[in-house]
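Accompanying notes for the structure given below.
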Amino acid sequence: MIHIQQEDFDSGAELQALEASGPATGAVCSFTGLARDYGDKEGVSALFLEHYPGMTEAAIENILRDAHERWPLQGVRVIHRVGTLQPGERIVFVGVASSHRKEAFAACEFIMDYLKTGAPFWKKEITAQGEHWVEQKASDQSASQRWQKTP
Amino acid sequence: MIHIQQEDFDSGAELQALEASGPATGAVCSFTGLARDYGDKEGVSALFLEHYPGMTEAAIENILRDAHERWPLQGVRVIHRVGTLQPGERIVFVGVASSHRKEAFAACEFIMDYLKTGAPFWKKEITAQGEHWVEQKASDQSASQRWQKTP
Amino acid sequence: MLKVLFFASLREQLGIDQLGLESARAATVAQLREILMADHPGWAQLLSQPQLMVAVNQTIAGNQTALQDGDEIAFFPPVTGG
Amino acid sequence: MLKVLFFASLREQLGIDQLGLESARAATVAQLREILMADHPGWAQLLSQPQLMVAVNQTIAGNQTALQDGDEIAFFPPVTGG
C-alpha cells in the first residue's frame, strides 16, 4: 500500500492496521519522518516537497518488491506527503509487519534508506533568509549502499 | 515513560505522542510485539506473561539510561503487558523520538534487544496439548551482545 | 516527439518544467543533452552537472540510453525525500 | 530475615513463590543455595541448574554476592519477555 498525497494522515491508524495483520504477525516496526525546524540551515519555517508523479510510485513499488524478496513480510504501508509542510508535520510513514522482530526492523530501515536515495522526491527548506533546495547527504548514500553487501 | 500493565493500550496514541515531541524531532521509530499463534510449538491458544515487580521497572530504566547515553533522544515510551494474552494481542510497545532516522532505529532496536534478555519477564505458551515455559533463544542473546562491540 | 521534464532545483534554474522535441533530432540521451545545450546557450552548465540524474520512461537511465518517438525523458538533481 | 523469591518455571517446579530464612544462616548467595538444597532435598537439581539467574535486592548478582539481614534474593530462569 503506497500513498503519495498532500494531506496529513493518521499514523496511529496505519500502525494499528499493521498490528492487525493476522495471528502469524509477531512484530510491527514503524518509522515516521517529521519536518524539523532546522536542516541544512537553522530557522526552517516550512518545507516544500516535490515529486515525479508516476515514477515515484513505481520506484517505491520496486523498493517494496526488493524488501519482500529479502524478508518474509505480512504487510507494508508507505505514505509520503508532498507540497508545503510546517515544522512538526509528518512527511513520511513506513510500517512493516513480520513474524519476527529482526526482520521487521531490517525491512523498515531498508525501505526508508532506499526511499531517501532511490525515490524521486526533492525537498526545499524555507527560512526567513530565503529558500534553498536540500543537498543529498553522503550519509544517506552510504546508508542505502550498506544493504548491498549482505541481506 | 515505562508502563507494566495487564490492560491493552493504544499504540497509535503512543506513536502520535512521540511524533509531537517538538520541532527538533525528525524521526520516530516504533516497535510493537504481538502474541502469535505459534512459538516454540504450533497451535498456541494463549500466552501467560509473568514479571518481577520492582526489578522489571528498574531493569527497563537502566536500559533506557543506556540508550540515552548512546544516542540523543527526545522521547522514549515503553509499555509491556503481563498476564494472559490471546494471539493477535499487543505484548510490548517501544517508541523512540530523535532528530535523525539512524539514531531512532538504532535506539528502538537496542531497547527491544535488551528488553528480551535483560528485563525479568517470562512467557508461557498454552496449547491444546498443555502449557510450557518458553526457552530463551540464542538469537536473542546474540542480538543484545552485538551492541557491546561499537555504539 | 520526445517529452522532456525538469524537476526541483533544475526546473527552477532553467525556468521551465517541460518541453517537446522532434524525436528525429536525438537518438540517445547524450544527443538530447547536446541539442538542449545548443538550443539554449544558458543551459550548458546546468545540464552538464555531473551529479544530474536522468530517467527515460520513468526508469533511471544513462547517457547511452537510446531514445525513440514518444519517450518521456526527465532530468533531475539527486533525490532528497523522506 | 532474608526474603527469597522464585519466578516462572522455577516457581512452578518448586511449588512455592517465596520463603523467609534466618539471615544468620547464609552470608553469601552460594551459602543460601546450599541451605535451600539441604532443607529441601527435592530442590537440589532445580537450584543447581547452571543457567539459573539470581538477583539480590533486584540487581543481578552472583554466587559470591554477600547477603545481609533484610535482603531480597530472587532465583529465576533466563528471561523471555518482549
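Residues are named by chain letter and number: chains run A, B, ... in the order of the C-alpha cells, numbers start at 1 in each chain, and ligands are numbered from 1 in the order shown.
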(request) Return as a PyMOL selection string the residues belonging to chain C that are within 12 Å of chain A, counting only C-alpha atoms. (result) chain C and resi 5-13+17+51-60+72-82
(request) List every residue of chain B that DSSP, applied to the backbone of this structure, assigns to strand (DSSP E or B), and report them as a ChimeraX atom specification. (result) /B:2-5,27-34,44-51,73-81,83-85,90-98,121-127,130-133
Lay chain C over chain D using all C-alpha atoms, matched one to one in order, with a least-squares fit; then write it out as a compact mmCIF listing (two decimals) with N, CA, C and O atoms, in the first residue's frame.
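Result file selection23.txt:
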# COMPACT_ATOMS: atom_id res chain seq x y z
N MET C 1 16.05 -11.35 58.73
CA MET C 1 15.47 -12.32 57.79
C MET C 1 15.92 -12.03 56.37
O MET C 1 16.14 -10.89 55.99
N LEU C 2 16.07 -13.11 55.59
CA LEU C 2 16.26 -12.98 54.14
C LEU C 2 14.93 -13.36 53.48
O LEU C 2 14.29 -14.33 53.89
N LYS C 3 14.56 -12.60 52.48
CA LYS C 3 13.34 -12.92 51.72
C LYS C 3 13.78 -13.56 50.41
O LYS C 3 14.56 -12.95 49.66
N VAL C 4 13.32 -14.76 50.14
CA VAL C 4 13.76 -15.49 48.95
C VAL C 4 12.56 -15.67 48.01
O VAL C 4 11.51 -16.18 48.44
N LEU C 5 12.73 -15.25 46.74
CA LEU C 5 11.63 -15.32 45.75
C LEU C 5 12.00 -16.28 44.62
O LEU C 5 13.17 -16.41 44.25
N PHE C 6 10.99 -16.91 44.05
CA PHE C 6 11.19 -17.80 42.89
C PHE C 6 10.18 -17.39 41.81
O PHE C 6 9.03 -17.08 42.13
N PHE C 7 10.62 -17.42 40.55
CA PHE C 7 9.74 -16.99 39.47
C PHE C 7 9.61 -18.04 38.37
O PHE C 7 10.49 -18.88 38.17
N ALA C 8 8.48 -17.93 37.65
CA ALA C 8 8.24 -18.61 36.38
C ALA C 8 8.35 -20.14 36.54
O ALA C 8 7.76 -20.70 37.48
N SER C 9 9.07 -20.82 35.63
CA SER C 9 9.12 -22.29 35.69
C SER C 9 9.68 -22.77 37.02
O SER C 9 9.23 -23.78 37.56
N LEU C 10 10.66 -22.05 37.56
CA LEU C 10 11.23 -22.47 38.86
C LEU C 10 10.19 -22.41 39.96
O LEU C 10 10.06 -23.33 40.77
N ARG C 11 9.42 -21.33 39.98
CA ARG C 11 8.32 -21.19 40.95
C ARG C 11 7.34 -22.37 40.85
O ARG C 11 6.95 -22.96 41.86
N GLU C 12 6.99 -22.73 39.60
CA GLU C 12 6.04 -23.83 39.43
C GLU C 12 6.65 -25.17 39.85
O GLU C 12 5.97 -26.01 40.43
N GLN C 13 7.94 -25.37 39.50
CA GLN C 13 8.57 -26.66 39.80
C GLN C 13 8.79 -26.83 41.30
O GLN C 13 8.64 -27.93 41.83
N LEU C 14 9.15 -25.76 41.99
CA LEU C 14 9.33 -25.84 43.44
C LEU C 14 7.99 -25.86 44.16
O LEU C 14 7.91 -26.33 45.31
N GLY C 15 6.97 -25.30 43.50
CA GLY C 15 5.66 -25.23 44.13
C GLY C 15 5.56 -24.16 45.20
O GLY C 15 4.71 -24.25 46.10
N ILE C 16 6.42 -23.15 45.12
CA ILE C 16 6.42 -22.10 46.14
C ILE C 16 6.92 -20.81 45.49
O ILE C 16 7.78 -20.86 44.61
N ASP C 17 6.37 -19.68 45.86
CA ASP C 17 6.84 -18.43 45.24
C ASP C 17 7.74 -17.62 46.16
O ASP C 17 8.49 -16.78 45.69
N GLN C 18 7.68 -17.85 47.48
CA GLN C 18 8.65 -17.17 48.34
C GLN C 18 8.75 -17.84 49.69
O GLN C 18 7.86 -18.61 50.10
N LEU C 19 9.87 -17.58 50.37
CA LEU C 19 10.06 -18.08 51.73
C LEU C 19 10.98 -17.14 52.48
O LEU C 19 11.68 -16.30 51.88
N GLY C 20 10.99 -17.28 53.80
CA GLY C 20 11.88 -16.46 54.63
C GLY C 20 12.92 -17.35 55.28
O GLY C 20 12.69 -18.55 55.51
N LEU C 21 14.10 -16.78 55.52
CA LEU C 21 15.20 -17.58 56.08
C LEU C 21 15.95 -16.68 57.07
O LEU C 21 16.17 -15.50 56.80
N GLU C 22 16.35 -17.24 58.19
CA GLU C 22 17.17 -16.50 59.16
C GLU C 22 18.42 -15.97 58.47
O GLU C 22 19.17 -16.74 57.86
N SER C 23 18.69 -14.70 58.58
CA SER C 23 19.82 -14.14 57.84
C SER C 23 21.15 -14.66 58.36
O SER C 23 22.13 -14.72 57.62
N ALA C 24 21.21 -15.10 59.60
CA ALA C 24 22.48 -15.61 60.14
C ALA C 24 22.92 -16.89 59.43
O ALA C 24 24.10 -17.25 59.46
N ARG C 25 22.00 -17.59 58.77
CA ARG C 25 22.33 -18.90 58.19
C ARG C 25 23.11 -18.80 56.89
O ARG C 25 23.74 -19.77 56.47
N ALA C 26 23.03 -17.65 56.19
CA ALA C 26 23.68 -17.57 54.86
C ALA C 26 24.34 -16.21 54.69
O ALA C 26 23.66 -15.18 54.70
N ALA C 27 25.66 -16.20 54.50
CA ALA C 27 26.38 -14.94 54.31
C ALA C 27 26.58 -14.61 52.85
O ALA C 27 26.94 -13.49 52.51
N THR C 28 26.38 -15.61 51.98
CA THR C 28 26.53 -15.38 50.54
C THR C 28 25.41 -16.11 49.79
O THR C 28 24.72 -16.98 50.36
N VAL C 29 25.27 -15.78 48.52
CA VAL C 29 24.29 -16.47 47.67
C VAL C 29 24.61 -17.97 47.62
O VAL C 29 23.71 -18.81 47.67
N ALA C 30 25.90 -18.31 47.52
CA ALA C 30 26.28 -19.72 47.44
C ALA C 30 25.82 -20.47 48.69
O ALA C 30 25.28 -21.59 48.60
N GLN C 31 26.01 -19.85 49.85
CA GLN C 31 25.58 -20.50 51.09
C GLN C 31 24.05 -20.63 51.14
O GLN C 31 23.52 -21.66 51.58
N LEU C 32 23.37 -19.60 50.69
CA LEU C 32 21.91 -19.65 50.67
C LEU C 32 21.43 -20.82 49.82
O LEU C 32 20.53 -21.59 50.20
N ARG C 33 22.04 -20.96 48.67
CA ARG C 33 21.66 -22.04 47.76
C ARG C 33 21.88 -23.41 48.43
O ARG C 33 21.02 -24.30 48.34
N GLU C 34 23.01 -23.57 49.11
CA GLU C 34 23.29 -24.84 49.79
C GLU C 34 22.28 -25.13 50.89
O GLU C 34 21.83 -26.27 51.06
N ILE C 35 21.92 -24.09 51.63
CA ILE C 35 20.95 -24.28 52.73
C ILE C 35 19.58 -24.67 52.18
O ILE C 35 18.92 -25.56 52.69
N LEU C 36 19.19 -24.00 51.08
CA LEU C 36 17.89 -24.33 50.49
C LEU C 36 17.88 -25.78 50.01
O LEU C 36 16.89 -26.50 50.17
N MET C 37 18.99 -26.23 49.42
CA MET C 37 19.06 -27.61 48.92
C MET C 37 19.10 -28.60 50.08
O MET C 37 18.54 -29.69 49.99
N ALA C 38 19.73 -28.22 51.18
CA ALA C 38 19.79 -29.10 52.35
C ALA C 38 18.42 -29.19 53.02
O ALA C 38 17.96 -30.27 53.42
N ASP C 39 17.73 -28.04 53.13
CA ASP C 39 16.42 -28.03 53.77
C ASP C 39 15.36 -28.77 52.96
O ASP C 39 14.40 -29.30 53.51
N HIS C 40 15.53 -28.76 51.62
CA HIS C 40 14.50 -29.33 50.72
C HIS C 40 15.20 -30.27 49.74
O HIS C 40 15.60 -29.84 48.65
N PRO C 41 15.36 -31.53 50.09
CA PRO C 41 16.14 -32.45 49.25
C PRO C 41 15.67 -32.49 47.80
O PRO C 41 16.48 -32.60 46.88
N GLY C 42 14.39 -32.31 47.54
CA GLY C 42 13.89 -32.36 46.17
C GLY C 42 14.32 -31.17 45.31
O GLY C 42 14.14 -31.18 44.10
N TRP C 43 14.90 -30.15 45.92
CA TRP C 43 15.22 -28.93 45.18
C TRP C 43 16.62 -28.92 44.57
O TRP C 43 16.95 -28.00 43.80
N ALA C 44 17.44 -29.92 44.93
CA ALA C 44 18.86 -29.87 44.57
C ALA C 44 19.07 -29.66 43.07
O ALA C 44 19.81 -28.76 42.65
N GLN C 45 18.38 -30.48 42.27
CA GLN C 45 18.61 -30.37 40.83
C GLN C 45 18.14 -29.02 40.28
O GLN C 45 18.81 -28.38 39.48
N LEU C 46 16.96 -28.59 40.77
CA LEU C 46 16.38 -27.35 40.24
C LEU C 46 17.25 -26.14 40.59
O LEU C 46 17.44 -25.24 39.77
N LEU C 47 17.80 -26.13 41.80
CA LEU C 47 18.57 -24.95 42.23
C LEU C 47 20.02 -25.00 41.74
O LEU C 47 20.76 -24.02 41.92
N SER C 48 20.44 -26.11 41.15
CA SER C 48 21.82 -26.16 40.65
C SER C 48 21.87 -26.09 39.13
O SER C 48 22.92 -26.29 38.53
N GLN C 49 20.74 -25.77 38.49
CA GLN C 49 20.76 -25.59 37.03
C GLN C 49 21.73 -24.46 36.69
O GLN C 49 21.63 -23.36 37.22
N PRO C 50 22.67 -24.71 35.76
CA PRO C 50 23.70 -23.70 35.51
C PRO C 50 23.15 -22.39 34.95
O PRO C 50 23.71 -21.32 35.18
N GLN C 51 22.05 -22.43 34.20
CA GLN C 51 21.56 -21.19 33.59
C GLN C 51 20.69 -20.37 34.55
O GLN C 51 20.24 -19.28 34.20
N LEU C 52 20.45 -20.90 35.76
CA LEU C 52 19.60 -20.19 36.72
C LEU C 52 20.22 -18.83 37.06
O LEU C 52 21.42 -18.71 37.26
N MET C 53 19.38 -17.79 37.13
CA MET C 53 19.88 -16.45 37.46
C MET C 53 19.49 -16.09 38.89
O MET C 53 18.52 -16.63 39.42
N VAL C 54 20.25 -15.19 39.46
CA VAL C 54 19.94 -14.75 40.82
C VAL C 54 20.07 -13.23 40.88
O VAL C 54 20.94 -12.63 40.25
N ALA C 55 19.15 -12.62 41.62
CA ALA C 55 19.21 -11.17 41.85
C ALA C 55 19.18 -10.94 43.35
O ALA C 55 18.47 -11.64 44.09
N VAL C 56 19.98 -9.99 43.81
CA VAL C 56 19.94 -9.57 45.21
C VAL C 56 19.46 -8.13 45.25
O VAL C 56 20.04 -7.26 44.58
N ASN C 57 18.41 -7.89 45.97
CA ASN C 57 17.78 -6.55 46.03
C ASN C 57 17.53 -6.01 44.63
O ASN C 57 17.82 -4.86 44.31
N GLN C 58 17.00 -6.91 43.79
CA GLN C 58 16.54 -6.54 42.44
C GLN C 58 17.68 -6.13 41.51
O GLN C 58 17.44 -5.45 40.50
N THR C 59 18.89 -6.57 41.80
CA THR C 59 20.02 -6.37 40.90
C THR C 59 20.67 -7.72 40.64
O THR C 59 20.85 -8.51 41.58
N ILE C 60 21.01 -7.99 39.39
CA ILE C 60 21.61 -9.29 39.06
C ILE C 60 22.86 -9.51 39.91
O ILE C 60 23.69 -8.61 40.05
N ALA C 61 22.96 -10.69 40.47
CA ALA C 61 24.06 -11.00 41.39
C ALA C 61 24.69 -12.33 41.02
O ALA C 61 24.28 -12.98 40.04
N GLY C 62 25.70 -12.72 41.80
CA GLY C 62 26.39 -13.99 41.54
C GLY C 62 26.51 -14.79 42.81
O GLY C 62 26.05 -14.36 43.88
N ASN C 63 27.14 -15.96 42.70
CA ASN C 63 27.26 -16.86 43.85
C ASN C 63 28.02 -16.23 45.00
O ASN C 63 27.77 -16.53 46.16
N GLN C 64 28.97 -15.32 44.66
CA GLN C 64 29.82 -14.76 45.72
C GLN C 64 29.19 -13.53 46.37
O GLN C 64 29.77 -12.99 47.31
N THR C 65 28.05 -13.08 45.86
CA THR C 65 27.45 -11.86 46.41
C THR C 65 27.13 -12.05 47.90
O THR C 65 26.52 -13.04 48.29
N ALA C 66 27.55 -11.09 48.71
CA ALA C 66 27.32 -11.15 50.16
C ALA C 66 25.87 -10.78 50.48
O ALA C 66 25.27 -9.96 49.79
N LEU C 67 25.34 -11.41 51.52
CA LEU C 67 23.96 -11.15 51.94
C LEU C 67 23.95 -10.55 53.33
O LEU C 67 24.82 -10.85 54.16
N GLN C 68 22.93 -9.70 53.56
CA GLN C 68 22.75 -9.22 54.93
C GLN C 68 21.27 -9.15 55.27
O GLN C 68 20.41 -9.26 54.38
N ASP C 69 21.02 -8.98 56.54
CA ASP C 69 19.64 -9.00 57.04
C ASP C 69 18.76 -8.03 56.24
O ASP C 69 19.16 -6.90 55.97
N GLY C 70 17.59 -8.50 55.83
CA GLY C 70 16.66 -7.66 55.09
C GLY C 70 16.78 -7.77 53.58
O GLY C 70 15.94 -7.21 52.86
N ASP C 71 17.79 -8.50 53.10
CA ASP C 71 17.97 -8.62 51.65
C ASP C 71 16.83 -9.43 51.01
O ASP C 71 16.27 -10.34 51.63
N GLU C 72 16.57 -9.08 49.74
CA GLU C 72 15.60 -9.83 48.93
C GLU C 72 16.38 -10.55 47.85
O GLU C 72 17.05 -9.90 47.03
N ILE C 73 16.32 -11.88 47.85
CA ILE C 73 17.07 -12.68 46.88
C ILE C 73 16.07 -13.39 45.98
O ILE C 73 15.11 -13.99 46.47
N ALA C 74 16.27 -13.28 44.67
CA ALA C 74 15.35 -13.92 43.73
C ALA C 74 16.11 -14.89 42.83
O ALA C 74 17.19 -14.55 42.33
N PHE C 75 15.55 -16.10 42.65
CA PHE C 75 16.09 -17.06 41.70
C PHE C 75 15.10 -17.18 40.54
O PHE C 75 13.88 -17.27 40.78
N PHE C 76 15.62 -17.17 39.33
CA PHE C 76 14.72 -17.29 38.17
C PHE C 76 15.45 -17.80 36.93
O PHE C 76 16.66 -17.65 36.82
N PRO C 77 14.71 -18.39 35.99
CA PRO C 77 15.29 -18.85 34.74
C PRO C 77 15.61 -17.66 33.82
O PRO C 77 15.15 -16.54 34.08
N PRO C 78 16.38 -17.89 32.74
CA PRO C 78 16.65 -16.82 31.78
C PRO C 78 15.35 -16.17 31.31
O PRO C 78 14.34 -16.85 31.15
N VAL C 79 15.39 -14.87 31.09
CA VAL C 79 14.16 -14.12 30.83
C VAL C 79 13.74 -14.27 29.36
O VAL C 79 14.57 -14.52 28.48
N THR C 80 12.43 -14.15 29.13
CA THR C 80 11.88 -14.41 27.79
C THR C 80 10.73 -13.45 27.49
O THR C 80 9.72 -13.85 26.91
N GLY C 81 10.88 -12.18 27.84
CA GLY C 81 9.80 -11.23 27.60
C GLY C 81 9.80 -10.69 26.19
O GLY C 81 10.38 -11.26 25.28
N GLY C 82 9.13 -9.56 26.03
CA GLY C 82 9.06 -8.91 24.71
C GLY C 82 8.06 -9.55 23.84
O GLY C 82 8.29 -9.76 22.67
(message) Using only C-alpha atoms and a cut-off of 9 Å, which residues of chain A sit close to chain B? Please list them as a PyMOL selection string.
(response) chain A and resi 10-16+19-38+87-90+99-102+104-105+109+112+143
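Secondary structure of range 28-84 of chain A, alpha helix (DSSP H) only (DSSP, backbone atoms): Met55, Thr56, Glu57, Ala58, Ala59, Ile60, Glu61, Asn62, Ile63, Leu64, Arg65, Asp66, Ala67, His68, Glu69 and Arg70 of chain A.
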Take the residues that were just selected and, keeping N, CA and C atoms, output them as a PDB file, in the first residue's frame.
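So part.pdb came out as:
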ATOM      1  N   MET A  55       6.692   8.073 -11.715  1.00  0.00           N
ATOM      2  CA  MET A  55       7.979   7.432 -11.439  1.00  0.00           C
ATOM      3  C   MET A  55       8.167   7.195  -9.946  1.00  0.00           C
ATOM      4  N   THR A  56       7.695   8.136  -9.122  1.00  0.00           N
ATOM      5  CA  THR A  56       7.866   7.982  -7.678  1.00  0.00           C
ATOM      6  C   THR A  56       7.159   6.718  -7.187  1.00  0.00           C
ATOM      7  N   GLU A  57       5.910   6.535  -7.592  1.00  0.00           N
ATOM      8  CA  GLU A  57       5.159   5.348  -7.177  1.00  0.00           C
ATOM      9  C   GLU A  57       5.861   4.074  -7.663  1.00  0.00           C
ATOM     10  N   ALA A  58       6.331   4.089  -8.927  1.00  0.00           N
ATOM     11  CA  ALA A  58       6.991   2.898  -9.475  1.00  0.00           C
ATOM     12  C   ALA A  58       8.289   2.606  -8.712  1.00  0.00           C
ATOM     13  N   ALA A  59       9.030   3.652  -8.368  1.00  0.00           N
ATOM     14  CA  ALA A  59      10.288   3.454  -7.637  1.00  0.00           C
ATOM     15  C   ALA A  59      10.010   2.847  -6.262  1.00  0.00           C
ATOM     16  N   ILE A  60       8.961   3.313  -5.584  1.00  0.00           N
ATOM     17  CA  ILE A  60       8.635   2.768  -4.264  1.00  0.00           C
ATOM     18  C   ILE A  60       8.156   1.320  -4.395  1.00  0.00           C
ATOM     19  N   GLU A  61       7.372   1.041  -5.442  1.00  0.00           N
ATOM     20  CA  GLU A  61       6.963  -0.357  -5.658  1.00  0.00           C
ATOM     21  C   GLU A  61       8.170  -1.279  -5.832  1.00  0.00           C
ATOM     22  N   ASN A  62       9.180  -0.800  -6.544  1.00  0.00           N
ATOM     23  CA  ASN A  62      10.398  -1.603  -6.703  1.00  0.00           C
ATOM     24  C   ASN A  62      11.091  -1.843  -5.363  1.00  0.00           C
ATOM     25  N   ILE A  63      11.142  -0.807  -4.539  1.00  0.00           N
ATOM     26  CA  ILE A  63      11.784  -0.942  -3.222  1.00  0.00           C
ATOM     27  C   ILE A  63      11.029  -1.973  -2.383  1.00  0.00           C
ATOM     28  N   LEU A  64       9.687  -1.913  -2.425  1.00  0.00           N
ATOM     29  CA  LEU A  64       8.892  -2.865  -1.632  1.00  0.00           C
ATOM     30  C   LEU A  64       9.045  -4.286  -2.172  1.00  0.00           C
ATOM     31  N   ARG A  65       9.153  -4.425  -3.504  1.00  0.00           N
ATOM     32  CA  ARG A  65       9.360  -5.762  -4.073  1.00  0.00           C
ATOM     33  C   ARG A  65      10.699  -6.325  -3.575  1.00  0.00           C
ATOM     34  N   ASP A  66      11.738  -5.486  -3.568  1.00  0.00           N
ATOM     35  CA  ASP A  66      13.037  -5.937  -3.038  1.00  0.00           C
ATOM     36  C   ASP A  66      12.912  -6.349  -1.574  1.00  0.00           C
ATOM     37  N   ALA A  67      12.180  -5.576  -0.793  1.00  0.00           N
ATOM     38  CA  ALA A  67      12.034  -5.884   0.635  1.00  0.00           C
ATOM     39  C   ALA A  67      11.319  -7.224   0.820  1.00  0.00           C
ATOM     40  N   HIS A  68      10.265  -7.452   0.031  1.00  0.00           N
ATOM     41  CA  HIS A  68       9.541  -8.720   0.131  1.00  0.00           C
ATOM     42  C   HIS A  68      10.411  -9.902  -0.285  1.00  0.00           C
ATOM     43  N   GLU A  69      11.350  -9.669  -1.215  1.00  0.00           N
ATOM     44  CA  GLU A  69      12.243 -10.773  -1.619  1.00  0.00           C
ATOM     45  C   GLU A  69      13.266 -11.092  -0.527  1.00  0.00           C
ATOM     46  N   ARG A  70      13.632 -10.088   0.248  1.00  0.00           N
ATOM     47  CA  ARG A  70      14.651 -10.294   1.280  1.00  0.00           C
ATOM     48  C   ARG A  70      14.101 -10.873   2.568  1.00  0.00           C
TER      49      ARG A  70
END
(message) Here is a test: counting only C-alpha atoms, which residue of A:Ile111, A:Glu103, A:Asp8, A:Gly130 is nearest to Trp147 in chain A?
(response) A:Ile111
(message) Between CA of Phe110 in chain B and CA of Gln5 in chain B, what is the distance in Å, rounded to a tenth?
(response)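 Going from CA of Phe110 in chain B over to CA of Gln5 in chain B, I get 22.0 Å.
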